[in-house]
Amino acid sequence: MPRTALTRDDLAPLARAALGRHRPLRSVTRLRGGSKKGVYRLTCDDGLTAVAYVWSADEDYWDAGPTDPLDPLSPGTGLGLFTAAHDRLAAAGVRTPRLLHADGTRTRLAADAAVVEDLRGGSLEEILRRDPAAGRAALERLAAQLGRLREVRGPGLGKVAVVDGGGVPDAPSCERRVTDGALRSIAEAAVRDERIAAVRDGLEDRVRELAAAVRPRARYGLVHGELGPDHVLLDAEGHPALIDIEGLMYFDAEWEHAFLRIRFGSHYDVLRAPGLDEDRLRLYRLATHLSLVSGPLRLLEGDFPHPEGMRAIAEHHLRQTLSLLPDAS
């Protein structure tokens with residue numbers, strides 16, 4: 001059955017609770033991009049806008065069912081993860097859209113939801129394309145924010161909501177969790193693409209070889225986990241604000257930077273940080289490419305509304321994965 005976007009009538013009770021009864025809701029627009037939650041712009045009669053996040057099975061195109069919060073790299077989704085991440089970022093002095101209202105009662109809407117400020121300065125991805133000078137300034141500000149995140153030391157590895165709440169994640173180390181995840185990604189991709197199946201043994205050997213070179217370490221900073229230029233919005237002053245923050249965790253900075261290097265491409269030099277472990281970066285880079293093959297291929301088996309873009313992501317990272325094999329020509 002096709003999924004139906006929420007309507008103005010559906011979201012009006014949430015909007016009243018967040019923005020006040022004196023501001024009738026005029027319209028709602030579902031914003032493109034959300035695959036784990038619904039993202040809706042709320043527009044009031046007086047022109048005020050805000051953004052609603054909605055976590056429900058109807059808004060989750062991954063259809064993964066319940067996730068394990070004790071797994072640091074499990075999908076970051078849910079109101080509890082969001083509010084914990086929002087508060088931790090605010091305490092660290094890192095910008096994210098201001099939380100206006102959080103509602104886990106499911107009385108105004110049959111789902112967990114939050115309402116945040118609407119930042120209308122566009123994404124960092126858009127500004128880099130449209131205005132390179134302004135994009136460079138925003139990148140430099142983002143680099144400073146990432147530096148602040150690296151300085152925050154967590155008492156253990158894992159999602160902020162779990163660790164700050166006294167929980168103990170089930171991963172023995174960052175590198176072990178990444179290695180196990182990479183091997184699972186290979187297995188999942190191999191049943192969906194014959195090119196991965198043909199080199200499965202070689203990929204598994206390469207992952208284990210890279211993992212063996214990583215020296216033990218027990219030092220964890222704050223990382224977003226999936227920070228691309230589309231996950232950074234700009235406020236009216238051009239300051240960057242992180243979004244899709246539910247996966248915020250205490251983990252290796254190298255995990256963040258492997259993803260940053262892939263997603264920011266030629267702009268990554270502005271974000272590059274000193275003192276990163278090259279052995280971890282090599283392992284994490286391959287693991288990230290593998291996850292960006294297996295994840296999109298799995299998503300394409302469902303009813304994700306923009307399959308062409310997801311298929312292109314899987315194809316690009318499949319080629320990158322194959323290029324990292326030792327005998328790749």
# chains A, B, ... in the order shown; residues from 1 in each chain; ligands from 1
$ residues_around --residues "Leu210 in chain A" --least-positions-apart "6" --cutoff "8 Å" --atoms "only C-alpha atoms" --output "JSON, numbers by chain"
{"A": [279, 282, 283]}
$ write_last_selection --atoms "all heavy atoms" --output "short mmCIF file (atom, residue, chain, number, x, y, z; two decimals), in the first residue's frame"
data_model
loop_
_atom_site.label_atom_id
_atom_site.label_comp_id
_atom_site.auth_asym_id
_atom_site.auth_seq_id
_atom_site.Cartn_x
_atom_site.Cartn_y
_atom_site.Cartn_z
N ASP A 279 45.98 4.01 9.89
CA ASP A 279 45.52 2.62 9.82
C ASP A 279 44.01 2.54 10.04
O ASP A 279 43.30 1.81 9.35
CB ASP A 279 46.24 1.76 10.86
CG ASP A 279 47.71 1.54 10.51
OD1 ASP A 279 48.03 1.50 9.31
OD2 ASP A 279 48.53 1.42 11.44
N ARG A 282 42.16 3.85 6.92
CA ARG A 282 42.08 2.90 5.80
C ARG A 282 40.98 1.86 6.03
O ARG A 282 40.21 1.55 5.11
CB ARG A 282 43.44 2.22 5.61
CG ARG A 282 44.44 3.07 4.81
CD ARG A 282 45.69 2.29 4.49
NE ARG A 282 46.57 2.20 5.66
CZ ARG A 282 47.51 3.09 5.95
NH1 ARG A 282 47.69 4.14 5.17
NH2 ARG A 282 48.28 2.95 7.02
N LEU A 283 40.92 1.33 7.24
CA LEU A 283 39.85 0.36 7.55
C LEU A 283 38.48 1.02 7.47
O LEU A 283 37.55 0.48 6.86
CB LEU A 283 40.07 -0.22 8.95
CG LEU A 283 38.93 -1.08 9.51
CD1 LEU A 283 38.74 -2.33 8.65
CD2 LEU A 283 39.21 -1.45 10.97
#
$ residues_around --residues "range 14-20 of chain A" --least-positions-apart "4" --cutoff "9 Å" --atoms "only C-alpha atoms" --output "ChimeraX atom specification"
/A:10,24-25,42,44,50,52,100-103,108-109,113-116
$ write_last_selection --atoms "N, CA and C atoms" --output "mmCIF file, in the first residue's frame"
data_model
loop_
_atom_site.group_PDB
_atom_site.id
_atom_site.type_symbol
_atom_site.label_atom_id
_atom_site.label_comp_id
_atom_site.auth_asym_id
_atom_site.auth_seq_id
_atom_site.Cartn_x
_atom_site.Cartn_y
_atom_site.Cartn_z
ATOM 1 N N ASP A 10 -3.579 16.529 10.294
ATOM 2 C CA ASP A 10 -2.825 15.586 11.117
ATOM 3 C C ASP A 10 -1.856 16.317 12.045
ATOM 4 N N PRO A 24 -2.584 29.711 13.887
ATOM 5 C CA PRO A 24 -3.194 28.605 13.134
ATOM 6 C C PRO A 24 -2.237 28.089 12.049
ATOM 7 N N LEU A 25 -2.257 26.790 11.859
ATOM 8 C CA LEU A 25 -1.405 26.164 10.846
ATOM 9 C C LEU A 25 -2.066 26.312 9.480
ATOM 10 N N LEU A 42 6.208 23.310 8.623
ATOM 11 C CA LEU A 42 4.931 23.828 9.104
ATOM 12 C C LEU A 42 4.888 25.329 8.814
ATOM 13 N N CYS A 44 2.584 28.734 9.346
ATOM 14 C CA CYS A 44 1.435 29.305 10.052
ATOM 15 C C CYS A 44 0.829 30.465 9.265
ATOM 16 N N ALA A 50 8.253 26.418 10.934
ATOM 17 C CA ALA A 50 9.031 25.529 11.781
ATOM 18 C C ALA A 50 9.082 24.186 11.073
ATOM 19 N N ALA A 52 8.795 19.950 11.566
ATOM 20 C CA ALA A 52 8.388 18.828 12.413
ATOM 21 C C ALA A 52 9.125 17.568 11.977
ATOM 22 N N LEU A 100 12.065 23.240 19.749
ATOM 23 C CA LEU A 100 10.933 24.028 20.234
ATOM 24 C C LEU A 100 9.955 23.188 21.047
ATOM 25 N N HIS A 101 9.845 21.922 20.688
ATOM 26 C CA HIS A 101 8.869 21.062 21.375
ATOM 27 C C HIS A 101 9.190 19.608 21.066
ATOM 28 N N ALA A 102 9.163 18.767 22.081
ATOM 29 C CA ALA A 102 9.310 17.322 21.919
ATOM 30 C C ALA A 102 8.067 16.656 22.487
ATOM 31 N N ASP A 103 7.518 15.693 21.749
ATOM 32 C CA ASP A 103 6.260 15.079 22.166
ATOM 33 C C ASP A 103 6.322 13.569 21.963
ATOM 34 N N ARG A 108 -1.237 13.871 20.456
ATOM 35 C CA ARG A 108 -1.513 14.859 19.408
ATOM 36 C C ARG A 108 -1.285 14.291 18.016
ATOM 37 N N LEU A 109 -0.487 13.235 17.951
ATOM 38 C CA LEU A 109 -0.139 12.569 16.705
ATOM 39 C C LEU A 109 0.196 11.130 17.084
ATOM 40 N N ALA A 113 7.256 12.752 18.011
ATOM 41 C CA ALA A 113 7.504 13.901 17.135
ATOM 42 C C ALA A 113 8.258 14.988 17.885
ATOM 43 N N ALA A 114 8.896 15.843 17.117
ATOM 44 C CA ALA A 114 9.558 17.026 17.652
ATOM 45 C C ALA A 114 9.381 18.158 16.655
ATOM 46 N N VAL A 115 9.404 19.385 17.167
ATOM 47 C CA VAL A 115 9.343 20.569 16.311
ATOM 48 C C VAL A 115 10.578 21.410 16.591
ATOM 49 N N VAL A 116 11.270 21.811 15.521
ATOM 50 C CA VAL A 116 12.507 22.582 15.648
ATOM 51 C C VAL A 116 12.410 23.837 14.797
#
$ select_by_dssp --residues "range 101-162 of chain A" --states "alpha helix (DSSP H)" --output "MDAnalysis selection string"
chainID A and resid 124:130 132:151 160:162
$ residues_around --residues "range 123-128 of chain A" --least-positions-apart "3" --cutoff "6 Å" --atoms "only C-alpha atoms" --output "PyMOL selection string"
chain A and resi 131-132+135+229-230+232-233
$ write_last_selection --atoms "C-alpha atoms" --output "mmCIF file, in the first residue's frame"
data_model
loop_
_atom_site.group_PDB
_atom_site.id
_atom_site.type_symbol
_atom_site.label_atom_id
_atom_site.label_comp_id
_atom_site.auth_asym_id
_atom_site.auth_seq_id
_atom_site.Cartn_x
_atom_site.Cartn_y
_atom_site.Cartn_z
ATOM 1 C CA ASP A 131 28.609 30.674 -3.781
ATOM 2 C CA PRO A 132 32.083 29.143 -3.288
ATOM 3 C CA GLY A 135 30.718 28.012 1.199
ATOM 4 C CA PRO A 229 27.140 18.606 3.183
ATOM 5 C CA ASP A 230 23.400 17.852 2.967
ATOM 6 C CA VAL A 232 24.475 20.852 7.430
ATOM 7 C CA LEU A 233 22.046 23.769 7.211
#
$ select_by_dssp --residues "range 100-310 of chain A" --states "strand (DSSP E or B)" --output "PyMOL selection string"
chain A and resi 100-103+112-117+123+158-159+221-223+232-234+240-242+249-251
$ residues_around --residues "Leu271 in chain A" --least-positions-apart "3" --cutoff "12 Å" --atoms "only C-alpha atoms" --output "MDAnalysis selection string"
chainID A and resid 136:147 227:229 256:268 274
$ atom_distance --atom1 "CA of Arg23 in chain A" --atom2 "CA of Leu99 in chain A"
17.9 Å
$ atom_distance --atom1 "CA of Ala187 in chain A" --atom2 "CA of His317 in chain A"
15.6 Å
$ closest_residue --among "A:Ala84, A:Asp71, A:Phe304, A:Glu175" --to "Ala212 in chain A" --atoms "only C-alpha atoms"
A:Glu175
